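Printed here is upload_0.cif (mmCIF, C-alpha atoms):
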```
data_my_file
loop_
_atom_site.label_atom_id
_atom_site.label_comp_id
_atom_site.auth_asym_id
_atom_site.auth_seq_id
_atom_site.Cartn_x
_atom_site.Cartn_y
_atom_site.Cartn_z
CA MET A 191 0.00 0.00 0.00
CA ARG A 192 1.00 3.62 -0.50
CA MET A 193 1.80 6.05 2.32
CA ALA A 194 -1.66 7.65 2.16
CA ASP A 195 -3.30 4.25 2.72
CA TRP A 196 -1.06 3.38 5.69
CA LEU A 197 -1.76 6.73 7.34
CA THR A 198 -5.50 6.23 6.81
CA TYR A 199 -5.44 2.89 8.62
CA THR A 200 -3.09 4.08 11.38
CA ASP A 201 -4.67 4.80 14.77
CA ILE A 202 -4.90 8.40 15.99
CA GLU A 203 -2.27 7.97 18.72
CA GLN A 204 0.41 6.88 16.27
CA LEU A 205 -0.54 9.74 13.95
CA LYS A 206 -0.10 12.18 16.84
CA ALA A 207 3.29 10.59 17.62
CA LEU A 208 4.38 11.11 13.99
CA ASN A 209 3.08 14.67 14.17
CA ARG A 210 5.24 15.35 17.25
CA PHE A 211 8.30 13.72 15.66
CA TYR A 212 8.08 16.02 12.63
CA GLY A 213 7.46 19.07 14.84
CA LEU A 214 4.15 19.90 13.22
CA SER A 215 1.34 21.98 14.69
CA PRO A 216 -0.72 20.07 17.28
CA ASN A 217 -3.89 21.96 16.30
CA HIS A 218 -5.69 19.63 13.91
CA HIS A 219 -9.46 19.48 13.80
CA SER A 220 -9.77 15.95 12.38
CA LYS A 221 -7.87 12.76 11.60
CA GLN A 222 -8.11 13.61 7.90
CA ASP A 223 -6.52 17.00 8.54
CA LEU A 224 -3.71 15.34 10.46
CA ILE A 225 -3.14 12.79 7.68
CA CYS A 226 -2.96 15.47 4.99
CA THR A 227 -0.43 17.47 7.01
CA LEU A 228 1.75 14.41 7.64
CA LEU A 229 1.51 13.26 4.03
CA ASN A 230 2.66 16.65 2.82
CA GLN A 231 5.60 16.57 5.25
CA ILE A 232 6.80 13.03 4.59
CA SER A 233 6.42 13.18 0.80
CA GLN A 234 8.67 16.22 0.30
CA LYS A 235 11.78 14.90 -1.45
CA ASN A 236 14.11 17.58 -0.15
CA LYS A 237 13.09 16.90 3.46
CA LEU A 238 13.27 13.16 2.88
CA LYS A 239 16.79 13.54 1.50
CA GLN A 240 17.76 15.67 4.48
CA MET A 241 16.53 12.97 6.87
CA VAL A 242 18.47 10.27 4.99
CA ASP A 243 21.62 12.40 5.02
CA GLN A 244 21.30 12.83 8.79
CA LEU A 245 21.08 9.09 9.53
CA SER A 246 23.89 7.47 11.49
CA PRO A 247 25.95 4.82 9.61
CA ALA A 248 24.05 2.04 11.42
CA GLU A 249 20.66 3.63 10.62
CA ASN A 250 21.70 3.99 6.99
CA ARG A 251 22.79 0.35 6.77
CA PHE A 252 19.53 -0.77 8.41
CA LEU A 253 17.58 1.26 5.87
CA GLN A 254 19.48 -0.39 3.01
CA LEU A 255 18.75 -3.85 4.40
CA ILE A 256 14.99 -3.32 4.60
CA LEU A 257 14.65 -1.32 1.38
CA LEU A 258 16.67 -3.54 -0.94
CA ASP A 259 15.23 -6.85 0.23
CA HIS A 260 12.31 -8.38 -1.70
CA HIS A 261 10.22 -8.95 1.42
CA VAL A 262 6.83 -7.23 1.36
CA GLY A 263 6.55 -7.44 5.16
CA TYR A 264 9.01 -8.17 7.97
CA SER A 265 8.48 -10.02 11.22
CA ILE A 266 10.04 -8.48 14.32
CA GLU A 267 12.58 -11.33 14.31
CA GLU A 268 13.62 -10.49 10.74
CA LEU A 269 13.94 -6.81 11.61
CA LEU A 270 16.05 -7.61 14.68
CA ALA A 271 18.34 -9.80 12.57
CA ARG A 272 18.81 -6.99 10.04
CA GLY A 273 19.36 -4.54 12.86
CA LYS A 274 22.09 -6.75 14.29
CA MET A 275 23.74 -6.93 10.85
CA ALA A 276 23.56 -3.14 10.48
CA ILE A 277 25.17 -2.22 13.79
CA GLN A 278 28.70 -3.52 13.09
CA ASP A 279 30.97 -1.53 15.48
CA GLU A 280 28.41 1.01 16.70
CA THR A 281 26.87 1.07 20.18
CA CYS A 282 23.15 1.25 19.30
CA THR A 283 20.78 -1.73 19.56
CA PRO A 284 18.79 -3.51 16.85
CA ARG A 285 15.57 -2.52 18.58
CA SER A 286 16.52 1.18 18.58
CA LEU A 287 16.98 1.01 14.78
CA ILE A 288 13.50 -0.46 14.38
CA VAL A 289 11.94 2.13 16.70
CA GLY A 290 13.69 4.92 14.77
CA ALA A 291 12.21 3.72 11.46
CA ILE A 292 8.72 3.51 13.00
CA LYS A 293 9.01 7.01 14.50
CA ARG A 294 9.89 8.42 11.07
CA GLY A 295 6.88 6.74 9.47
CA TRP A 296 9.06 4.42 7.39
CA LEU A 297 7.70 1.22 8.97
CA PHE A 298 4.06 0.46 9.82
CA PRO A 299 2.58 -2.53 11.67
CA GLY A 300 0.19 -4.68 9.65
CA ILE A 301 -3.48 -3.80 9.68
CA SER A 302 -5.19 -7.16 9.08
CA VAL A 303 -5.42 -10.35 11.11
CA ARG A 304 -3.33 -12.05 8.44
CA ASN A 305 -0.40 -9.62 8.62
CA HIS A 306 -0.73 -7.88 11.98
CA ASP A 307 2.59 -9.40 13.13
CA LEU A 308 4.46 -7.95 10.13
CA TYR A 309 5.91 -4.49 9.53
CA HIS A 310 5.66 -2.83 6.12
CA ILE A 311 7.28 -0.01 4.15
CA PRO A 312 4.82 2.05 2.05
CA THR A 313 5.42 1.22 -1.63
CA ASP A 314 5.77 4.81 -2.81
CA LEU A 315 8.11 5.67 0.06
CA ARG A 316 10.27 2.63 -0.70
CA LYS A 317 10.63 3.76 -4.30
CA GLU A 318 11.54 7.33 -3.32
CA LEU A 319 14.08 6.20 -0.70
CA ILE A 320 15.76 3.80 -3.13
CA GLU A 321 15.99 6.56 -5.74
CA LEU A 322 17.63 8.85 -3.17
CA MET A 323 19.99 6.10 -2.12
CA ILE A 324 21.25 5.19 -5.59
CA ALA A 325 21.28 8.69 -7.11
CA PRO A 326 24.92 9.53 -6.16
CA TYR A 327 26.20 6.42 -7.98
CA MET A 328 24.16 6.83 -11.18
CA ARG A 329 25.63 10.07 -12.47
CA ASP A 330 28.11 8.50 -14.88
CA GLY A 331 25.75 5.82 -16.25
CA LEU A 332 26.12 4.95 -19.94
CA GLU A 333 23.80 3.64 -22.65
CA ASP A 334 24.72 0.60 -24.80
CA GLU A 335 25.84 2.61 -27.79
CA GLN A 336 28.33 4.60 -25.71
CA LEU A 337 30.51 1.56 -24.94
CA ASP A 338 33.67 0.60 -26.82
CA THR A 339 33.37 -3.16 -26.09
CA TYR A 340 31.46 -5.49 -23.82
CA ARG A 341 31.59 -9.12 -22.66
CA ASN A 342 28.62 -11.36 -21.90
CA GLU A 343 28.96 -15.00 -20.73
CA MET A 344 25.25 -15.79 -20.36
CA ASN A 345 24.62 -19.60 -20.49
CA LEU A 346 28.32 -20.42 -21.01
CA LEU A 347 28.86 -21.74 -17.49
CA TRP A 348 25.91 -24.11 -17.83
CA ASP A 349 27.17 -25.30 -21.22
CA ASP A 350 30.57 -26.01 -19.69
CA LEU A 351 28.97 -27.97 -16.85
CA ILE A 352 27.49 -30.37 -19.43
CA CYS A 353 30.83 -30.38 -21.25
CA PHE A 354 32.54 -31.40 -17.98
CA LEU A 355 30.13 -34.28 -17.40
CA ARG A 356 30.55 -35.55 -20.95
CA PHE A 357 34.33 -35.34 -20.57
CA ILE A 358 34.14 -37.65 -17.54
CA ARG A 359 31.95 -40.04 -19.55
CA GLN A 360 34.56 -40.23 -22.32
CA GLU A 361 37.83 -40.10 -20.36
CA LEU A 362 39.39 -42.05 -17.50
CA VAL A 363 39.74 -39.22 -14.95
CA ARG A 364 42.22 -40.15 -12.24
CA LEU A 365 42.63 -38.13 -9.05
CA THR A 366 45.79 -37.28 -7.14
CA GLN A 367 46.23 -38.12 -3.46
CA ASP A 368 44.90 -34.64 -2.70
CA GLY A 369 41.74 -35.48 -4.65
CA ALA A 370 42.46 -33.22 -7.65
CA ILE A 371 42.21 -34.07 -11.33
CA TYR A 372 45.77 -34.38 -12.67
CA LYS A 373 46.88 -31.07 -14.15
CA GLN A 374 47.54 -32.37 -17.63
CA LEU A 375 44.01 -33.70 -17.73
CA GLN A 376 42.73 -30.39 -16.32
CA LYS A 377 44.38 -28.57 -19.23
CA LYS A 378 42.78 -30.96 -21.69
CA LEU A 379 39.39 -30.43 -20.05
CA PHE A 380 39.70 -26.64 -19.91
CA GLN A 381 40.48 -26.52 -23.63
CA THR A 382 36.97 -27.83 -24.29
CA PHE A 383 35.35 -25.01 -22.28
CA SER A 384 33.84 -21.81 -23.63
CA VAL A 385 35.84 -19.82 -21.06
CA MET A 386 39.42 -20.96 -20.57
CA GLU A 387 41.16 -21.23 -17.19
CA GLU A 388 44.59 -22.46 -16.19
CA PRO A 389 45.29 -25.05 -13.48
CA LEU A 390 46.55 -23.57 -10.22
CA THR A 391 50.33 -23.21 -10.13
CA LYS A 392 51.06 -21.00 -7.13
CA LYS A 393 50.98 -22.48 -3.67
CA GLY A 394 49.21 -20.45 -1.04
CA TYR A 395 46.06 -20.13 1.04
CA ARG A 396 42.91 -20.99 -0.92
CA PHE A 397 40.01 -22.02 1.25
CA GLY A 398 36.57 -20.99 2.35
CA PHE A 399 34.90 -20.69 -1.07
CA GLY A 400 33.93 -24.29 -1.66
CA ARG A 401 34.83 -27.93 -1.26
CA SER A 402 37.33 -28.00 -4.14
CA TYR A 403 38.39 -24.35 -4.11
CA HIS A 404 41.92 -25.23 -2.90
CA LEU A 405 42.38 -27.52 -5.91
CA TYR A 406 41.02 -25.63 -8.93
CA PRO A 407 40.63 -22.12 -10.37
CA ASP A 408 37.52 -20.23 -9.25
CA ARG A 409 35.17 -20.92 -12.16
CA PHE A 410 35.87 -24.63 -12.45
CA ALA A 411 35.85 -25.04 -8.66
CA LEU A 412 32.24 -23.82 -8.70
CA LEU A 413 31.31 -26.21 -11.53
CA TYR A 414 32.97 -29.14 -9.77
CA ASP A 415 31.30 -28.37 -6.42
CA TYR A 416 27.89 -27.98 -8.04
CA ALA A 417 28.22 -31.27 -9.90
CA TYR A 418 29.36 -33.00 -6.68
CA TYR A 419 26.59 -31.44 -4.57
CA GLN A 420 23.91 -32.40 -7.10
CA GLY A 421 25.18 -35.99 -7.18
CA TYR A 422 26.28 -35.92 -10.83
CA ILE A 423 29.82 -37.09 -10.00
CA GLU A 424 31.50 -39.23 -7.35
CA GLU A 425 35.10 -39.79 -6.28
CA ASN A 426 35.42 -43.55 -5.90
CA LYS A 427 37.78 -45.43 -3.58
CA ASN A 428 40.17 -46.22 -6.45
CA GLY A 429 40.92 -42.53 -6.99
CA ILE A 430 38.79 -42.23 -10.13
CA LEU A 431 36.21 -39.51 -10.84
CA CYS A 432 33.05 -41.13 -12.17
CA LEU A 433 29.63 -40.12 -13.40
CA THR A 434 26.68 -41.28 -11.36
CA GLN A 435 23.50 -42.51 -13.00
CA LYS A 436 22.07 -39.04 -12.36
CA GLY A 437 25.12 -37.52 -14.07
CA GLN A 438 24.70 -39.84 -17.07
CA GLY A 439 21.16 -38.57 -17.48
CA LYS A 440 22.30 -34.96 -17.23
CA CYS A 441 24.68 -35.46 -20.18
CA THR A 442 21.73 -35.87 -22.54
CA ASP A 443 19.37 -33.44 -20.82
CA THR A 444 18.78 -30.49 -23.18
CA SER A 445 17.05 -28.31 -20.59
CA LYS A 446 19.00 -25.45 -19.04
CA THR A 447 18.57 -24.23 -15.47
CA PRO A 448 21.50 -21.83 -14.93
CA GLN A 449 19.52 -20.05 -12.22
CA GLU A 450 20.23 -23.06 -9.99
CA LEU A 451 23.96 -22.49 -10.45
CA TYR A 452 23.47 -18.87 -9.38
CA ARG A 453 21.58 -19.89 -6.25
CA PHE A 454 24.20 -22.52 -5.44
CA TRP A 455 26.96 -19.92 -5.79
CA ILE A 456 25.16 -17.58 -3.36
CA ARG A 457 24.94 -20.37 -0.79
CA LEU A 458 28.58 -21.34 -1.32
CA TYR A 459 30.02 -17.81 -1.09
CA ARG A 460 27.68 -16.48 1.58
CA ARG A 461 29.61 -18.12 4.40
CA PRO A 462 32.94 -16.33 3.74
CA ILE A 463 31.21 -13.16 2.45
CA GLU A 464 28.53 -12.45 5.06
CA GLY A 465 27.32 -9.29 3.32
CA LEU A 466 26.89 -10.98 -0.07
CA PRO A 467 23.06 -10.65 -0.18
CA ILE A 468 23.05 -6.87 0.26
CA VAL A 469 26.01 -6.51 -2.15
CA LEU A 470 24.01 -8.39 -4.79
CA ARG A 471 20.92 -6.26 -4.20
CA TRP A 472 23.01 -3.09 -4.60
CA ILE A 473 24.42 -4.40 -7.88
CA GLY A 474 20.90 -5.30 -9.00
CA VAL A 475 19.34 -1.88 -8.38
CA LEU A 476 22.32 0.05 -9.78
CA THR A 477 22.81 -1.87 -13.03
CA LYS A 478 19.32 -2.93 -14.10
CA SER A 479 18.94 -0.24 -16.76
CA LYS A 480 22.29 1.46 -17.39
CA TRP A 481 25.98 0.68 -17.49
CA ILE A 482 27.46 1.83 -14.15
CA SER A 483 31.17 2.12 -13.53
CA LEU A 484 32.89 -0.55 -11.45
CA ALA A 485 34.37 2.20 -9.27
CA GLN A 486 30.94 3.60 -8.35
CA ILE A 487 29.56 0.15 -7.54
CA TYR A 488 32.52 -0.54 -5.26
CA LEU A 489 31.86 2.72 -3.38
CA ALA A 490 28.25 1.61 -2.80
CA VAL A 491 29.04 -1.91 -1.54
CA ARG A 492 32.37 -1.28 0.24
CA PRO A 493 30.74 -0.89 3.72
CA TRP A 494 29.37 -4.45 3.42
CA LEU A 495 32.68 -6.16 2.64
CA LYS A 496 34.92 -7.43 5.42
CA ARG A 497 38.37 -8.95 5.10
CA TYR A 498 38.39 -12.73 5.04
CA TYR A 499 41.81 -14.08 6.05
CA ASN A 500 44.15 -13.04 3.21
CA GLU A 501 41.29 -11.66 1.08
CA THR A 502 40.92 -7.86 1.19
CA GLU A 503 37.71 -5.92 0.57
CA GLU A 504 38.91 -5.14 -2.95
CA SER A 505 39.86 -8.74 -3.77
CA LEU A 506 36.49 -9.97 -2.48
CA PHE A 507 34.73 -7.42 -4.67
CA ARG A 508 36.73 -8.52 -7.72
CA LYS A 509 35.89 -12.14 -6.95
CA ILE A 510 32.16 -11.37 -6.72
CA ILE A 511 32.16 -9.44 -10.00
CA GLN A 512 34.16 -12.12 -11.83
CA MET A 513 31.85 -14.89 -10.69
CA LEU A 514 28.72 -12.88 -11.56
CA LEU A 515 30.15 -12.48 -15.05
CA HIS A 516 30.81 -16.23 -15.33
CA LEU A 517 27.31 -16.98 -14.01
CA GLY A 518 25.73 -14.77 -16.68
CA VAL A 519 24.22 -12.34 -14.17
CA ILE A 520 26.16 -9.29 -15.35
CA GLN A 521 27.99 -8.19 -18.47
CA LEU A 522 31.20 -6.16 -18.44
CA GLY A 523 31.80 -3.20 -20.71
CA LYS A 524 34.69 -0.84 -21.45
CA LYS A 525 34.75 2.87 -22.24
CA ASN A 526 38.01 4.81 -22.45
CA GLY A 527 39.74 2.09 -20.45
CA GLN A 528 37.18 2.20 -17.60
CA SER A 529 35.07 -0.84 -16.64
CA TYR A 530 31.26 -0.72 -16.52
CA LEU A 531 28.60 -3.23 -15.43
CA LYS A 532 25.04 -3.96 -16.45
CA LEU A 533 22.63 -6.80 -15.72
CA THR A 534 22.06 -9.38 -18.45
CA GLU A 535 18.55 -10.57 -19.30
CA HIS A 536 19.14 -13.51 -16.97
CA GLY A 537 20.38 -11.14 -14.28
CA LYS A 538 17.25 -8.98 -14.49
CA GLN A 539 15.02 -12.05 -14.18
CA TRP A 540 16.97 -13.69 -11.36
CA MET A 541 17.24 -10.51 -9.32
CA LYS A 542 13.43 -10.42 -9.31
CA VAL A 543 12.73 -14.04 -8.42
CA VAL A 544 15.67 -15.09 -6.23
CA SER A 545 15.43 -13.69 -2.71
CA VAL A 546 19.14 -13.60 -1.88
CA PHE A 547 18.51 -12.98 1.83
CA ASP A 548 16.56 -16.25 2.03
CA GLU A 549 19.34 -18.36 0.47
CA GLN A 550 20.96 -20.07 3.46
CA ALA A 551 24.75 -20.46 3.64
CA MET A 552 26.01 -23.88 2.59
CA GLU A 553 26.35 -26.47 5.33
CA LYS A 554 29.76 -26.06 6.95
CA ASP A 555 30.71 -29.73 6.53
CA PHE A 556 30.51 -29.35 2.73
CA TYR A 557 33.74 -27.32 2.80
CA LYS A 558 37.02 -29.16 3.14
CA TYR A 559 38.83 -26.14 4.56
CA ILE A 560 37.14 -23.25 6.33
#
```
Structure re-expressed in structure tokens:
Amino acid sequence: MRMADWLTYTDIEQLKALNRFYGLSPNHHSKQDLICTLLNQISQKNKLKQMVDQLSPAENRFLQLILLDHHVGYSIEELLARGKMAIQDETCTPRSLIVGAIKRGWLFPGISVRNHDLYHIPTDLRKELIELMIAPYMRDGLEDEQLDTYRNEMNLLWDDLICFLRFIRQELVRLTQDGAIYKQLQKKLFQTFSVMEEPLTKKGYRFGFGRSYHLYPDRFALLYDYAYYQGYIEENKNGILCLTQKGQGKCTDTSKTPQELYRFWIRLYRRPIEGLPIVLRWIGVLTKSKWISLAQIYLAVRPWLKRYYNETEESLFRKIIQMLLHLGVIQLGKKNGQSYLKLTEHGKQWMKVVSVFDEQAMEKDFYKYI
């Protein structure tokens, strides 16, 4: 519902509380008069922007979490969880963040028996707040014809998954004592892929991003883990990688469900990158219609990235962007040597239907090292 509807259904005491918060005149002759005065106050974009600019960092993060999520209504438990995520190093409480949003008229309790335990953001207010939030990062947006080049890998990862399964069907794939495909065979496999990778050569810390992440480059590690998790492949006791009966059937299956790979990746990477859901929502709202520079996107999501062992905020951001490209969620463009992003057709669809906050982190025992 829109703000006018929520104010109409709100009881007189809450309306008076909103009136006091905004410092408006207490002399109103009717509820309708009070609603009109409040509606005029809350709907003014310049005053709304001023209020957003005056929010504390924790209040701003809390606002992002409830605005950019797909949820129509939030339970108090969901709001408390988002409040806890928003606080970070500040001294406020999750409950104080919720109370602050209610006092401003940004959250309303449900009005029917069915949703009385849920809190809602008026639809028109949500739209205006999101526009205010993203405006600073949209100034250098480009149209398609303004780009020099662009790269789009939509469907290629799924095609290479099938290619991988067929390779196992045709070849004897032996595993090392560490459980990795021998590097010469990896090279042979990667040459059949639409997007080439090289076997890992440098020794160093690689853990936390999947079961086989320490053995393979990022893109193939995701493919391998997905195939293993889905039961398409198995590592037998003789050190041979084999197709299961389910994997045999997948080799001849012409249907494509790359959205499942995207959801699997979210679950896999959410454990080491706790803020991944809100980072993805930021990318979704910024790049759904225009090409936005990589630098501007990083500025928007930087507060949600935390170092993970030897991974810095910047390296985590690069990893997210690279994997979104491989997954076919985004496309990368270039203009005068600067990188730009935009959602693909798959990305637009998946950002609508996949609630990233509801995708639970992968079970910890799936990872070999974490």
Given all atoms listed in the file as the counted atoms, nearest of A:Gly213, A:Pro247, A:Pro326, A:Pro462 to Arg294 of chain A: A:Gly213
Can you measure atom CA of Arg401 of chain A to atom CA of Ser445 of chain A for me? One decimal in Å is fine. 26.3 Å
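The nearest approach to Ile277 of chain A among the residues A:Trp494, A:Tyr212, A:Tyr406, A:Tyr422, with all atoms listed in the file taken into account, belongs to A:Trp494.
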Hits from the PyMOL selection byres ((chain A and resi 228) around 9), listed as a PyMOL selection string: chain A and resi 197+205+208-209+212+214+223-227+229-233
Polymer residues at most 9 Å from Lys532 of chain A, all atoms listed in the file, same-chain spacing of 6 or more positions, as a VMD selection string: chain A and resid 473 to 474 476 to 482 519 to 523
Evaluated on this file, the PyMOL selection byres ((chain A and resi 379) around 12) picks out some residues - which ones are they, written as an NGL selection string? :A and (350-358 or 360-363 or 371-378 or 380-389 or 410)
Could you pull the residues within 8 Å of Arg272 of chain A, counting all atoms listed in the file, minus those fewer than 3 positions along the same chain, as a PyMOL selection string? chain A and resi 252+255-256+268-269+275-276+284
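Picture a line from atom CA of Lys509 of chain A to atom CA of Lys274 of chain A; it runs 25.9 Å.
For the atom pair formed by atom CA of Tyr264 of chain A and atom CA of Val546 of chain A, the distance is 15.1 Å, given to one decimal.
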Could you list, as an MDAnalysis selection string, every residue matched by the PyMOL selection byres ((chain A and resi 439) around 12) in this structure? chainID A and resid 352 355:356 359 421:423 433:438 440:445
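The nearest approach to Arg497 of chain A among the residues A:Ala207, A:Ile463, A:Leu533, A:Ile202, with all atoms listed in the file taken into account, belongs to A:Ile463.
Considering only C-alpha atoms, the residue among A:Asn217, A:Ser505, A:Ser402, A:Gln254 positioned nearest to Ala417 of chain A is A:Ser402.
Across A:Tyr530, A:Phe211, A:Phe547, A:Tyr459, the tightest approach to Gln336 of chain A is made by A:Tyr530 when counting all atoms listed in the file.
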Could all heavy atoms be built for segment 436-445 of chain A and written out as a short mmCIF file (atom, residue, chain, number, x, y, z; two decimals), keeping the file's coordinate frame?
```
data_model
loop_
_atom_site.label_atom_id
_atom_site.label_comp_id
_atom_site.auth_asym_id
_atom_site.auth_seq_id
_atom_site.Cartn_x
_atom_site.Cartn_y
_atom_site.Cartn_z
N LYS A 436 22.68 -40.37 -12.21
CA LYS A 436 22.07 -39.04 -12.36
C LYS A 436 22.90 -38.17 -13.30
O LYS A 436 22.36 -37.43 -14.12
CB LYS A 436 21.95 -38.38 -10.99
CG LYS A 436 21.14 -37.10 -10.98
CD LYS A 436 21.00 -36.56 -9.55
CE LYS A 436 20.17 -35.27 -9.52
NZ LYS A 436 20.08 -34.72 -8.14
N GLY A 437 24.23 -38.28 -13.19
CA GLY A 437 25.12 -37.52 -14.07
C GLY A 437 25.02 -37.98 -15.51
O GLY A 437 25.08 -37.16 -16.44
N GLN A 438 24.88 -39.30 -15.71
CA GLN A 438 24.70 -39.84 -17.07
C GLN A 438 23.47 -39.24 -17.72
O GLN A 438 23.48 -38.85 -18.90
CB GLN A 438 24.57 -41.36 -17.01
CG GLN A 438 25.82 -42.11 -16.58
CD GLN A 438 26.82 -42.27 -17.72
OE1 GLN A 438 26.60 -41.80 -18.82
NE2 GLN A 438 27.93 -42.95 -17.43
N GLY A 439 22.40 -39.14 -16.95
CA GLY A 439 21.16 -38.57 -17.48
C GLY A 439 21.31 -37.10 -17.80
O GLY A 439 20.74 -36.61 -18.78
N LYS A 440 22.12 -36.39 -17.01
CA LYS A 440 22.30 -34.96 -17.23
C LYS A 440 23.06 -34.69 -18.53
O LYS A 440 22.86 -33.65 -19.16
CB LYS A 440 23.07 -34.35 -16.05
CG LYS A 440 22.90 -32.85 -15.93
CD LYS A 440 21.47 -32.51 -15.56
CE LYS A 440 21.23 -31.02 -15.52
NZ LYS A 440 19.80 -30.69 -15.31
N CYS A 441 23.90 -35.64 -18.94
CA CYS A 441 24.68 -35.46 -20.18
C CYS A 441 23.79 -35.30 -21.41
O CYS A 441 24.17 -34.64 -22.38
CB CYS A 441 25.60 -36.66 -20.39
SG CYS A 441 27.02 -36.68 -19.29
N THR A 442 22.63 -35.91 -21.38
CA THR A 442 21.73 -35.87 -22.54
C THR A 442 20.52 -34.98 -22.31
O THR A 442 19.63 -34.90 -23.15
CB THR A 442 21.25 -37.29 -22.89
OG1 THR A 442 20.64 -37.89 -21.73
CG2 THR A 442 22.43 -38.16 -23.33
N ASP A 443 20.48 -34.33 -21.15
CA ASP A 443 19.37 -33.44 -20.82
C ASP A 443 19.56 -32.11 -21.54
O ASP A 443 20.56 -31.41 -21.34
CB ASP A 443 19.33 -33.22 -19.31
CG ASP A 443 18.10 -32.44 -18.86
OD1 ASP A 443 17.36 -31.95 -19.73
OD2 ASP A 443 17.90 -32.31 -17.64
N THR A 444 18.64 -31.73 -22.39
CA THR A 444 18.78 -30.49 -23.18
C THR A 444 18.23 -29.26 -22.45
O THR A 444 18.41 -28.14 -22.94
CB THR A 444 18.06 -30.64 -24.53
OG1 THR A 444 16.67 -30.94 -24.28
CG2 THR A 444 18.69 -31.74 -25.36
N SER A 445 17.58 -29.46 -21.32
CA SER A 445 17.05 -28.31 -20.59
C SER A 445 18.18 -27.56 -19.89
O SER A 445 19.21 -28.15 -19.55
CB SER A 445 16.01 -28.76 -19.54
OG SER A 445 16.63 -29.58 -18.57
#
```
